[in-house]
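Chemist: Structure file data05.txt (compact mmCIF, N, CA and C atoms) is given on the next line.
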```txt
# COMPACT_ATOMS: atom_id res chain seq x y z
N MET A 196 97.90 -73.92 45.46
CA MET A 196 99.01 -74.40 46.25
C MET A 196 100.28 -74.31 45.41
N PHE A 197 101.30 -73.71 46.00
CA PHE A 197 102.57 -73.56 45.31
C PHE A 197 103.58 -74.56 45.86
N LEU A 198 104.27 -75.21 44.98
CA LEU A 198 105.34 -76.12 45.39
C LEU A 198 106.65 -75.38 45.29
N SER A 199 107.42 -75.45 46.33
CA SER A 199 108.72 -74.79 46.28
C SER A 199 109.72 -75.68 45.56
N ARG A 200 110.62 -75.02 44.87
CA ARG A 200 111.67 -75.77 44.18
C ARG A 200 112.65 -76.33 45.20
N PRO A 201 113.12 -77.53 44.99
CA PRO A 201 114.13 -78.07 45.91
C PRO A 201 115.42 -77.26 45.79
N ILE A 202 116.05 -77.06 46.90
CA ILE A 202 117.31 -76.33 46.93
C ILE A 202 118.44 -77.34 46.77
N THR A 203 119.31 -77.06 45.82
CA THR A 203 120.45 -77.94 45.60
C THR A 203 121.72 -77.21 45.99
N VAL A 204 122.63 -77.95 46.53
CA VAL A 204 123.93 -77.39 46.90
C VAL A 204 124.98 -78.06 46.03
N ASN A 205 125.73 -77.25 45.34
CA ASN A 205 126.77 -77.75 44.48
C ASN A 205 127.98 -78.13 45.33
N ALA A 206 128.38 -79.39 45.24
CA ALA A 206 129.52 -79.87 46.02
C ALA A 206 130.85 -79.58 45.35
N GLU A 207 130.82 -79.09 44.12
CA GLU A 207 132.05 -78.78 43.41
C GLU A 207 132.65 -77.50 43.98
N PRO A 208 133.93 -77.51 44.28
CA PRO A 208 134.56 -76.28 44.77
C PRO A 208 134.66 -75.23 43.66
N LYS A 209 134.56 -73.99 44.04
CA LYS A 209 134.76 -72.86 43.13
C LYS A 209 136.14 -72.31 43.42
N CYS A 210 136.93 -72.12 42.39
CA CYS A 210 138.32 -71.74 42.59
C CYS A 210 138.70 -70.56 41.70
N ILE A 211 139.39 -69.61 42.29
CA ILE A 211 139.94 -68.48 41.53
C ILE A 211 141.43 -68.40 41.87
N GLU A 212 142.25 -68.40 40.83
CA GLU A 212 143.69 -68.32 41.01
C GLU A 212 144.21 -66.99 40.50
N LEU A 213 145.01 -66.34 41.33
CA LEU A 213 145.62 -65.06 40.98
C LEU A 213 147.13 -65.18 41.06
N GLN A 214 147.83 -64.53 40.16
CA GLN A 214 149.27 -64.39 40.26
C GLN A 214 149.51 -62.89 40.30
N ILE A 215 149.92 -62.40 41.48
CA ILE A 215 149.98 -60.96 41.65
C ILE A 215 151.40 -60.49 41.97
N ASP A 216 151.70 -59.31 41.47
CA ASP A 216 152.96 -58.63 41.79
C ASP A 216 152.79 -57.95 43.14
N PRO A 217 153.90 -57.59 43.78
CA PRO A 217 153.80 -56.94 45.09
C PRO A 217 153.25 -55.51 44.98
N ASP A 218 151.94 -55.40 44.94
CA ASP A 218 151.25 -54.13 44.80
C ASP A 218 150.02 -54.19 45.70
N ALA A 219 149.84 -53.20 46.55
CA ALA A 219 148.72 -53.18 47.51
C ALA A 219 147.38 -53.26 46.80
N ARG A 220 147.27 -52.71 45.60
CA ARG A 220 146.01 -52.76 44.86
C ARG A 220 145.67 -54.19 44.47
N LEU A 221 146.69 -54.99 44.17
CA LEU A 221 146.45 -56.38 43.81
C LEU A 221 146.12 -57.22 45.05
N ALA A 222 146.72 -56.86 46.19
CA ALA A 222 146.35 -57.51 47.46
C ALA A 222 144.87 -57.23 47.75
N ALA A 223 144.43 -56.01 47.47
CA ALA A 223 143.02 -55.66 47.66
C ALA A 223 142.12 -56.48 46.73
N ALA A 224 142.61 -56.81 45.54
CA ALA A 224 141.84 -57.64 44.62
C ALA A 224 141.64 -59.04 45.20
N ALA A 225 142.69 -59.61 45.79
CA ALA A 225 142.57 -60.92 46.43
C ALA A 225 141.57 -60.84 47.59
N GLY A 226 141.62 -59.74 48.35
CA GLY A 226 140.66 -59.54 49.42
C GLY A 226 139.24 -59.43 48.88
N GLY A 227 139.09 -58.83 47.72
CA GLY A 227 137.77 -58.71 47.10
C GLY A 227 137.19 -60.06 46.71
N VAL A 228 138.04 -60.96 46.23
CA VAL A 228 137.59 -62.31 45.90
C VAL A 228 137.15 -63.03 47.18
N ALA A 229 137.94 -62.88 48.25
CA ALA A 229 137.56 -63.49 49.53
C ALA A 229 136.21 -62.94 50.00
N ARG A 230 136.02 -61.64 49.84
CA ARG A 230 134.75 -61.01 50.21
C ARG A 230 133.59 -61.60 49.39
N TYR A 231 133.81 -61.75 48.09
CA TYR A 231 132.78 -62.33 47.23
C TYR A 231 132.40 -63.74 47.71
N PHE A 232 133.40 -64.59 47.98
CA PHE A 232 133.12 -65.94 48.46
C PHE A 232 132.38 -65.90 49.80
N ALA A 233 132.79 -65.00 50.70
CA ALA A 233 132.16 -64.90 52.02
C ALA A 233 130.70 -64.45 51.89
N GLU A 234 130.46 -63.47 51.02
CA GLU A 234 129.09 -63.01 50.82
C GLU A 234 128.23 -64.09 50.18
N SER A 235 128.80 -64.84 49.24
CA SER A 235 128.02 -65.91 48.60
C SER A 235 127.74 -67.05 49.57
N ALA A 236 128.57 -67.17 50.61
CA ALA A 236 128.35 -68.18 51.65
C ALA A 236 127.42 -67.66 52.75
N GLU A 237 126.95 -66.42 52.57
CA GLU A 237 126.03 -65.78 53.50
C GLU A 237 126.62 -65.62 54.91
N LEU A 238 127.92 -65.30 54.98
CA LEU A 238 128.51 -64.95 56.26
C LEU A 238 128.00 -63.57 56.66
N THR A 239 128.11 -63.25 57.93
CA THR A 239 127.67 -61.93 58.39
C THR A 239 128.57 -60.86 57.80
N THR A 240 128.10 -59.63 57.84
CA THR A 240 128.89 -58.51 57.32
C THR A 240 130.22 -58.41 58.06
N GLY A 241 130.20 -58.59 59.38
CA GLY A 241 131.43 -58.53 60.16
C GLY A 241 132.41 -59.63 59.80
N GLU A 242 131.91 -60.86 59.65
CA GLU A 242 132.78 -61.97 59.27
C GLU A 242 133.36 -61.76 57.87
N THR A 243 132.54 -61.25 56.98
CA THR A 243 132.98 -60.99 55.61
C THR A 243 134.10 -59.95 55.59
N THR A 244 133.90 -58.87 56.32
CA THR A 244 134.90 -57.80 56.37
C THR A 244 136.18 -58.29 57.03
N ASP A 245 136.06 -59.06 58.11
CA ASP A 245 137.25 -59.58 58.80
C ASP A 245 138.06 -60.51 57.90
N LEU A 246 137.37 -61.39 57.15
CA LEU A 246 138.07 -62.28 56.24
C LEU A 246 138.78 -61.49 55.15
N GLN A 247 138.10 -60.51 54.58
CA GLN A 247 138.69 -59.68 53.54
C GLN A 247 139.95 -58.99 54.06
N LYS A 248 139.87 -58.38 55.24
CA LYS A 248 141.03 -57.70 55.83
C LYS A 248 142.18 -58.66 56.09
N SER A 249 141.86 -59.87 56.55
CA SER A 249 142.90 -60.87 56.82
C SER A 249 143.64 -61.26 55.56
N VAL A 250 142.90 -61.44 54.47
CA VAL A 250 143.53 -61.84 53.20
C VAL A 250 144.42 -60.72 52.68
N VAL A 251 143.93 -59.49 52.73
CA VAL A 251 144.74 -58.35 52.28
C VAL A 251 146.01 -58.23 53.12
N ALA A 252 145.87 -58.32 54.45
CA ALA A 252 147.03 -58.21 55.34
C ALA A 252 148.04 -59.33 55.10
N ALA A 253 147.55 -60.56 54.89
CA ALA A 253 148.45 -61.68 54.62
C ALA A 253 149.20 -61.48 53.30
N CYS A 254 148.50 -60.98 52.28
CA CYS A 254 149.17 -60.71 50.99
C CYS A 254 150.24 -59.64 51.16
N LEU A 255 149.91 -58.57 51.87
CA LEU A 255 150.88 -57.49 52.07
C LEU A 255 152.11 -57.99 52.82
N GLU A 256 151.90 -58.84 53.81
CA GLU A 256 153.04 -59.40 54.54
C GLU A 256 153.83 -60.35 53.66
N ALA A 257 153.13 -61.11 52.82
CA ALA A 257 153.80 -62.05 51.92
C ALA A 257 154.71 -61.33 50.94
N PHE A 258 154.33 -60.13 50.53
CA PHE A 258 155.14 -59.37 49.59
C PHE A 258 156.55 -59.15 50.13
N GLU A 259 156.70 -59.07 51.44
CA GLU A 259 158.01 -58.85 52.05
C GLU A 259 158.95 -60.03 51.86
N HIS A 260 158.39 -61.21 51.57
CA HIS A 260 159.19 -62.43 51.44
C HIS A 260 159.48 -62.80 49.99
N LEU A 261 159.01 -62.00 49.05
CA LEU A 261 159.23 -62.32 47.64
C LEU A 261 160.65 -61.96 47.24
N VAL A 262 161.26 -62.84 46.44
CA VAL A 262 162.62 -62.63 45.97
C VAL A 262 162.68 -62.91 44.47
N GLY A 263 163.76 -62.51 43.85
CA GLY A 263 163.97 -62.80 42.43
C GLY A 263 163.76 -61.59 41.56
N ASP A 264 164.04 -61.79 40.26
CA ASP A 264 163.92 -60.71 39.29
C ASP A 264 162.47 -60.31 39.04
N ARG A 265 161.59 -61.27 38.98
CA ARG A 265 160.17 -61.00 38.74
C ARG A 265 159.36 -61.66 39.85
N PRO A 266 159.37 -61.07 41.03
CA PRO A 266 158.67 -61.70 42.15
C PRO A 266 157.16 -61.60 41.99
N HIS A 267 156.51 -62.67 42.30
CA HIS A 267 155.05 -62.64 42.30
C HIS A 267 154.53 -63.63 43.35
N LEU A 268 153.32 -63.39 43.78
CA LEU A 268 152.66 -64.21 44.77
C LEU A 268 151.48 -64.90 44.09
N ASN A 269 151.40 -66.20 44.25
CA ASN A 269 150.26 -66.95 43.73
C ASN A 269 149.24 -67.09 44.85
N VAL A 270 148.02 -66.69 44.59
CA VAL A 270 146.95 -66.77 45.58
C VAL A 270 145.82 -67.58 44.96
N THR A 271 145.47 -68.67 45.62
CA THR A 271 144.36 -69.51 45.17
C THR A 271 143.27 -69.44 46.23
N LEU A 272 142.11 -68.95 45.84
CA LEU A 272 140.96 -68.85 46.73
C LEU A 272 139.95 -69.90 46.29
N THR A 273 139.53 -70.75 47.23
CA THR A 273 138.63 -71.84 46.91
C THR A 273 137.45 -71.83 47.85
N ARG A 274 136.26 -71.91 47.29
CA ARG A 274 135.02 -71.96 48.08
C ARG A 274 134.51 -73.39 48.04
N PHE A 275 134.63 -74.09 49.18
CA PHE A 275 134.10 -75.42 49.35
C PHE A 275 132.72 -75.31 50.01
N PRO A 276 131.94 -76.38 50.03
CA PRO A 276 130.63 -76.30 50.69
C PRO A 276 130.72 -75.95 52.18
N ASP A 277 131.83 -76.34 52.84
CA ASP A 277 131.94 -76.12 54.29
C ASP A 277 133.00 -75.11 54.71
N ARG A 278 133.74 -74.53 53.74
CA ARG A 278 134.83 -73.62 54.12
C ARG A 278 135.29 -72.79 52.92
N ILE A 279 136.04 -71.74 53.25
CA ILE A 279 136.73 -70.93 52.25
C ILE A 279 138.22 -71.06 52.57
N GLU A 280 139.01 -71.43 51.59
CA GLU A 280 140.45 -71.56 51.77
C GLU A 280 141.17 -70.56 50.88
N VAL A 281 142.19 -69.94 51.46
CA VAL A 281 143.05 -69.02 50.72
C VAL A 281 144.47 -69.55 50.86
N ALA A 282 145.04 -70.02 49.75
CA ALA A 282 146.40 -70.55 49.75
C ALA A 282 147.30 -69.54 49.04
N MET A 283 148.37 -69.13 49.72
CA MET A 283 149.34 -68.20 49.15
C MET A 283 150.66 -68.93 49.03
N PHE A 284 151.25 -68.91 47.84
CA PHE A 284 152.55 -69.56 47.71
C PHE A 284 153.45 -68.75 46.79
N HIS A 285 154.72 -68.90 47.07
CA HIS A 285 155.74 -68.22 46.27
C HIS A 285 156.97 -69.09 46.23
N ALA A 286 157.68 -69.02 45.12
CA ALA A 286 158.88 -69.83 44.93
C ALA A 286 160.11 -69.07 45.39
N GLY A 287 161.16 -69.82 45.63
CA GLY A 287 162.46 -69.21 45.90
C GLY A 287 162.83 -69.09 47.35
N SER A 288 161.93 -68.69 48.19
CA SER A 288 162.23 -68.49 49.60
C SER A 288 161.42 -69.47 50.43
N PRO A 289 162.08 -70.16 51.37
CA PRO A 289 161.32 -71.09 52.20
C PRO A 289 160.49 -70.39 53.29
N GLN A 290 160.54 -69.06 53.32
CA GLN A 290 159.77 -68.31 54.31
C GLN A 290 158.27 -68.42 54.00
N PRO A 291 157.44 -68.60 55.01
CA PRO A 291 156.00 -68.63 54.76
C PRO A 291 155.50 -67.26 54.33
N ALA A 292 154.33 -67.24 53.70
CA ALA A 292 153.75 -65.97 53.27
C ALA A 292 153.45 -65.08 54.47
N VAL A 293 153.11 -65.69 55.57
CA VAL A 293 152.91 -64.97 56.83
C VAL A 293 154.00 -65.46 57.76
N GLY A 294 154.67 -64.57 58.47
CA GLY A 294 155.78 -64.95 59.32
C GLY A 294 155.44 -66.06 60.31
N LEU A 295 156.39 -66.96 60.57
CA LEU A 295 156.16 -68.07 61.49
C LEU A 295 155.77 -67.58 62.88
N ASP A 296 156.34 -66.46 63.32
CA ASP A 296 155.97 -65.93 64.63
C ASP A 296 154.51 -65.50 64.63
N ARG A 297 154.06 -64.95 63.52
CA ARG A 297 152.65 -64.55 63.43
C ARG A 297 151.75 -65.78 63.36
N ILE A 298 152.17 -66.82 62.62
CA ILE A 298 151.38 -68.06 62.56
C ILE A 298 151.26 -68.66 63.94
N ALA A 299 152.37 -68.71 64.68
CA ALA A 299 152.34 -69.27 66.04
C ALA A 299 151.41 -68.43 66.93
N GLY A 300 151.46 -67.13 66.79
CA GLY A 300 150.58 -66.26 67.57
C GLY A 300 149.12 -66.47 67.21
N LEU A 301 148.84 -66.62 65.92
CA LEU A 301 147.47 -66.86 65.49
C LEU A 301 146.98 -68.20 66.01
N ALA A 302 147.85 -69.22 65.91
CA ALA A 302 147.45 -70.55 66.34
C ALA A 302 147.12 -70.57 67.83
N SER A 303 147.84 -69.80 68.63
CA SER A 303 147.57 -69.81 70.06
C SER A 303 146.30 -69.05 70.40
N GLN A 304 145.86 -68.16 69.49
CA GLN A 304 144.67 -67.36 69.76
C GLN A 304 143.42 -67.87 69.08
N LEU A 305 143.56 -68.79 68.12
CA LEU A 305 142.39 -69.32 67.43
C LEU A 305 141.62 -70.21 68.38
N GLY A 306 140.33 -70.20 68.24
CA GLY A 306 139.54 -71.06 69.12
C GLY A 306 138.06 -70.82 68.98
N GLY A 307 137.35 -71.01 70.06
CA GLY A 307 135.90 -70.96 70.06
C GLY A 307 135.33 -69.61 69.72
N SER A 308 136.10 -68.55 69.80
CA SER A 308 135.58 -67.22 69.51
C SER A 308 135.46 -66.94 68.02
N GLY A 309 135.77 -67.93 67.18
CA GLY A 309 135.64 -67.73 65.74
C GLY A 309 136.94 -67.34 65.08
N GLY A 310 138.02 -67.27 65.84
CA GLY A 310 139.31 -67.01 65.25
C GLY A 310 139.68 -65.55 65.25
N LEU A 311 140.92 -65.28 65.01
CA LEU A 311 141.44 -63.93 64.98
C LEU A 311 141.35 -63.40 63.56
N GLY A 312 140.78 -62.24 63.40
CA GLY A 312 140.74 -61.58 62.11
C GLY A 312 139.95 -62.31 61.05
N GLY A 313 138.96 -63.09 61.42
CA GLY A 313 138.11 -63.73 60.44
C GLY A 313 138.65 -65.04 59.90
N VAL A 314 139.74 -65.53 60.45
CA VAL A 314 140.33 -66.79 59.98
C VAL A 314 140.26 -67.81 61.12
N ASP A 315 139.82 -69.03 60.78
CA ASP A 315 139.70 -70.08 61.79
C ASP A 315 140.93 -70.97 61.89
N ARG A 316 141.73 -71.01 60.82
CA ARG A 316 142.89 -71.92 60.83
C ARG A 316 143.98 -71.36 59.93
N VAL A 317 145.22 -71.48 60.37
CA VAL A 317 146.38 -71.07 59.58
C VAL A 317 147.32 -72.26 59.48
N GLN A 318 147.72 -72.61 58.26
CA GLN A 318 148.65 -73.71 58.05
C GLN A 318 149.82 -73.23 57.20
N TYR A 319 150.97 -73.87 57.39
CA TYR A 319 152.15 -73.54 56.61
C TYR A 319 152.87 -74.82 56.23
N GLU A 320 153.38 -74.85 55.00
CA GLU A 320 154.19 -75.97 54.55
C GLU A 320 155.11 -75.51 53.43
N THR A 321 156.14 -76.30 53.18
CA THR A 321 156.98 -76.07 52.01
C THR A 321 156.77 -77.25 51.08
N ARG A 322 156.70 -76.95 49.79
CA ARG A 322 156.46 -77.99 48.81
C ARG A 322 157.22 -77.65 47.55
N ASP A 323 158.14 -78.50 47.14
CA ASP A 323 158.91 -78.31 45.90
C ASP A 323 159.57 -76.95 45.83
N GLY A 324 160.19 -76.51 46.92
CA GLY A 324 160.88 -75.23 46.93
C GLY A 324 159.99 -74.02 47.07
N SER A 325 158.71 -74.24 47.26
CA SER A 325 157.76 -73.14 47.44
C SER A 325 157.21 -73.15 48.86
N ALA A 326 157.00 -71.96 49.38
CA ALA A 326 156.36 -71.82 50.69
C ALA A 326 154.86 -71.65 50.47
N VAL A 327 154.07 -72.40 51.22
CA VAL A 327 152.61 -72.33 51.10
C VAL A 327 152.03 -71.98 52.45
N THR A 328 151.21 -70.94 52.49
CA THR A 328 150.48 -70.56 53.68
C THR A 328 149.00 -70.64 53.34
N ARG A 329 148.25 -71.35 54.18
CA ARG A 329 146.82 -71.54 53.91
C ARG A 329 145.99 -70.97 55.05
N LEU A 330 145.07 -70.08 54.71
CA LEU A 330 144.12 -69.51 55.66
C LEU A 330 142.77 -70.16 55.39
N THR A 331 142.09 -70.61 56.45
CA THR A 331 140.81 -71.27 56.29
C THR A 331 139.75 -70.60 57.14
N LYS A 332 138.62 -70.33 56.53
CA LYS A 332 137.44 -69.83 57.24
C LYS A 332 136.35 -70.88 57.08
N TYR A 333 135.94 -71.48 58.21
CA TYR A 333 134.89 -72.49 58.17
C TYR A 333 133.52 -71.84 58.13
N LEU A 334 132.63 -72.45 57.40
CA LEU A 334 131.26 -71.96 57.29
C LEU A 334 130.40 -72.77 58.26
N GLY A 335 130.21 -72.25 59.41
CA GLY A 335 129.55 -72.99 60.47
C GLY A 335 130.54 -73.20 61.60
N HIS A 336 130.45 -74.32 62.25
CA HIS A 336 131.34 -74.60 63.37
C HIS A 336 132.66 -75.16 62.86
N ALA A 337 133.75 -74.60 63.35
CA ALA A 337 135.08 -75.09 62.98
C ALA A 337 135.29 -76.46 63.64
N PRO A 338 135.87 -77.42 62.91
CA PRO A 338 136.12 -78.73 63.50
C PRO A 338 137.18 -78.63 64.59
N ARG A 339 137.10 -79.52 65.55
CA ARG A 339 138.08 -79.60 66.63
C ARG A 339 139.37 -80.18 66.06
N ILE A 340 140.47 -79.48 66.23
CA ILE A 340 141.76 -79.94 65.72
C ILE A 340 142.65 -80.21 66.92
N ALA A 341 143.13 -81.44 67.02
CA ALA A 341 143.95 -81.82 68.17
C ALA A 341 145.39 -81.46 67.95
```
Give the structure from the file, written as structure tokens.
Modeler:
Amino acid sequence: MFLSRPITVNAEPKCIELQIDPDARLAAAAGGVARYFAESAELTTGETTDLQKSVVAACLEAFEHLVGDRPHLNVTLTRFPDRIEVAMFHAGSPQPAVGLDRIAGLASQLGGSGGLGGVDRVQYETRDGSAVTRLTKYLGHAPRIA
């Protein structure tokens, strides 16, 4: 008789922080990290690809809002037990990493179908002169947000 080992789930979030220049290859690197987190969360191939594409597209759009002598985009990807969060922030411009019109469009289309482009939730805020855009992919059922 074989006893199976108990399965443990680590509740500590896994976080990778990138500071990238406006270069499509670096946007692809951020997408690769999102893909890694999605695969480790055992999302389907389609969900994994959609999340990766969404992160790359958001980074590329964010590059348009970068200002200053040495513009860069900070991307923090975090894998929680119940979700994957991608936070993009940049200093100097109060513009979100993804245009407000696009955020409003995404918000109106997100819902029971699993979200548009592999993302279940889009949030935007300004903090200390920086614009922060957060993309969230829930692992399982997305919570109801009123």
Chemist: May I have the protein, DNA and RNA residues with an atom at most 8 Å from (142.9, -71.9, 57.0), counting only C-alpha atoms in the file's coordinates, returned as a list in words?
Modeler: Ile279, Glu280, Val281, Val314, Asp315, Arg316, Val317, Gln318, Arg329, Leu330, Thr331 and Lys332 of chain A
Chemist: Extending 5 Å beyond the listed atoms of segment 241-255 of chain A on each side, what axis-aligned box results? I want centre and edge lengths in Å to one decimal, as AutoDock Vina command-line options.
Modeler:
```
--center_x 141.2 --center_y -59.9 --center_z 55.6 --size_x 31.9 --size_y 14.8 --size_z 19.2
```
Chemist: With all atoms listed in the file as the basis for distance, which of A:Cys210, A:Leu261, A:Ala229, A:Ile215 is at the shortest distance from Leu246 of chain A?
Modeler: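 Closest candidate: A:Ala229.
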Chemist: Which one of A:His260, A:Lys209, A:Lys248, A:Arg220 sits closest to Ser235 of chain A if you count only C-alpha atoms?
Modeler: A:Lys209
Chemist: So which residues touch Thr243 of chain A within 6.5 Å, counting all atoms listed in the file, skipping near sequence neighbours fewer than 4 positions away, as a ChimeraX atom specification?
Modeler: /A:230,233-234,238-239,247-248
Chemist: Select, from A:Tyr231, A:Ser249, A:Cys254, A:Asp264, the residue with the minimum atom-to-atom distance to Asp218 of chain A, counting all atoms listed in the file.
Modeler: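 Under the stated criterion, the closest residue is A:Cys254.
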Chemist: Which residue out of A:Tyr333, A:Val228, A:Gly263, A:Leu255 has the minimum interatomic distance to Gly313 of chain A when only N, CA and C atoms are used?
Modeler: A:Tyr333
Chemist: If you run DSSP on the backbone, which residues of segment 219-300 of chain A are helix (DSSP H, G or I), as number ranges by chain?
Modeler: A: 219-235, 240-258, 295-300
Chemist: Which residues, protein or nucleic acid, reach to within 5 Å of (158.1, -66.3, 45.8) in the file's coordinates when using all atoms listed in the file, and can you give that as a PyMOL selection string?
Modeler: chain A and resi 261-262+285-287
Chemist: Can I get the selected residues back with N, CA and C atoms, as a CSV table (one decimal), in the coordinates of the input?
Modeler:
```
chain,number,residue,atom,x,y,z
A,261,LEU,N,159.0,-62.0,49.0
A,261,LEU,CA,159.2,-62.3,47.6
A,261,LEU,C,160.6,-62.0,47.2
A,262,VAL,N,161.3,-62.8,46.4
A,262,VAL,CA,162.6,-62.6,46.0
A,262,VAL,C,162.7,-62.9,44.5
A,285,HIS,N,154.7,-68.9,47.1
A,285,HIS,CA,155.7,-68.2,46.3
A,285,HIS,C,157.0,-69.1,46.2
A,286,ALA,N,157.7,-69.0,45.1
A,286,ALA,CA,158.9,-69.8,44.9
A,286,ALA,C,160.1,-69.1,45.4
A,287,GLY,N,161.2,-69.8,45.6
A,287,GLY,CA,162.5,-69.2,45.9
A,287,GLY,C,162.8,-69.1,47.4
```
Chemist: Restricting the calculation to only C-alpha atoms: of A:Leu221, A:Arg265, A:Glu256, A:Arg274, which residue gets closest to Pro208 of chain A?
Modeler: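 The closest residue to Pro208 of chain A is A:Arg274.
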Chemist: Could you go through segment 251-280 of chain A and tell me which residues DSSP, when run on the backbone, assigns to strand (DSSP E), listing them as a list in words?
Modeler: Leu268, Asn269, Val270, Thr271, Leu272, Thr273, Arg274, Arg278, Ile279 and Glu280 of chain A
Chemist: What is the atom CA of Asp216 of chain A-atom CA of Pro266 of chain A distance in Å, reported with one decimal?
Modeler: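 Atom-to-atom, atom CA of Asp216 of chain A to atom CA of Pro266 of chain A, that is 6.5 Å.
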Chemist: Can you measure atom N of Ala225 of chain A to atom N of Val327 of chain A for me? One decimal in Å is fine.
Modeler: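 We find that atom N of Ala225 of chain A and atom N of Val327 of chain A lie 18.0 Å from each other.
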Chemist: List the neighbours of Val251 of chain A out to 6 Å using only C-alpha atoms; skip same-chain residues closer than 5 positions along the sequence, and give me the result as a PyMOL selection string.
Modeler: chain A and resi 222-223+226
Chemist: Using only N, CA and C atoms for the distances, tell me which of A:Asp323, A:Asn269, A:Thr328, A:Phe275 is nearest to Glu212 of chain A.
Modeler: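 Smallest distance to Glu212 of chain A is found for A:Asn269.
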Chemist: Using only N, CA and C atoms, which residues sit within 6.5 Å of Leu213 of chain A once same-chain residues fewer than 4 positions away are excluded, as a PDB file with N, CA and C atoms, keeping the file's coordinate frame?
Modeler:
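This went into selection_8.pdb:
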```pdb
ATOM      1  N   LEU A 268     153.320 -63.390  43.780  1.00  0.00           N
ATOM      2  CA  LEU A 268     152.660 -64.210  44.770  1.00  0.00           C
ATOM      3  C   LEU A 268     151.480 -64.900  44.090  1.00  0.00           C
ATOM      4  N   ASN A 269     151.400 -66.200  44.250  1.00  0.00           N
ATOM      5  CA  ASN A 269     150.260 -66.950  43.730  1.00  0.00           C
ATOM      6  C   ASN A 269     149.240 -67.090  44.850  1.00  0.00           C
ATOM      7  N   VAL A 270     148.020 -66.690  44.590  1.00  0.00           N
ATOM      8  CA  VAL A 270     146.950 -66.770  45.580  1.00  0.00           C
ATOM      9  C   VAL A 270     145.820 -67.580  44.960  1.00  0.00           C
ATOM     10  N   THR A 271     145.470 -68.670  45.620  1.00  0.00           N
ATOM     11  CA  THR A 271     144.360 -69.510  45.170  1.00  0.00           C
ATOM     12  C   THR A 271     143.270 -69.440  46.230  1.00  0.00           C
ATOM     13  N   LEU A 272     142.110 -68.950  45.840  1.00  0.00           N
ATOM     14  CA  LEU A 272     140.960 -68.850  46.730  1.00  0.00           C
ATOM     15  C   LEU A 272     139.950 -69.900  46.290  1.00  0.00           C
TER      16      LEU A 272
END
```
Chemist: I'd like the interatomic distance between atom CA of Asp277 of chain A and atom C of Ala224 of chain A, to a tenth of an Å.
Modeler: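 Atom CA of Asp277 of chain A sits 21.6 Å away from atom C of Ala224 of chain A.
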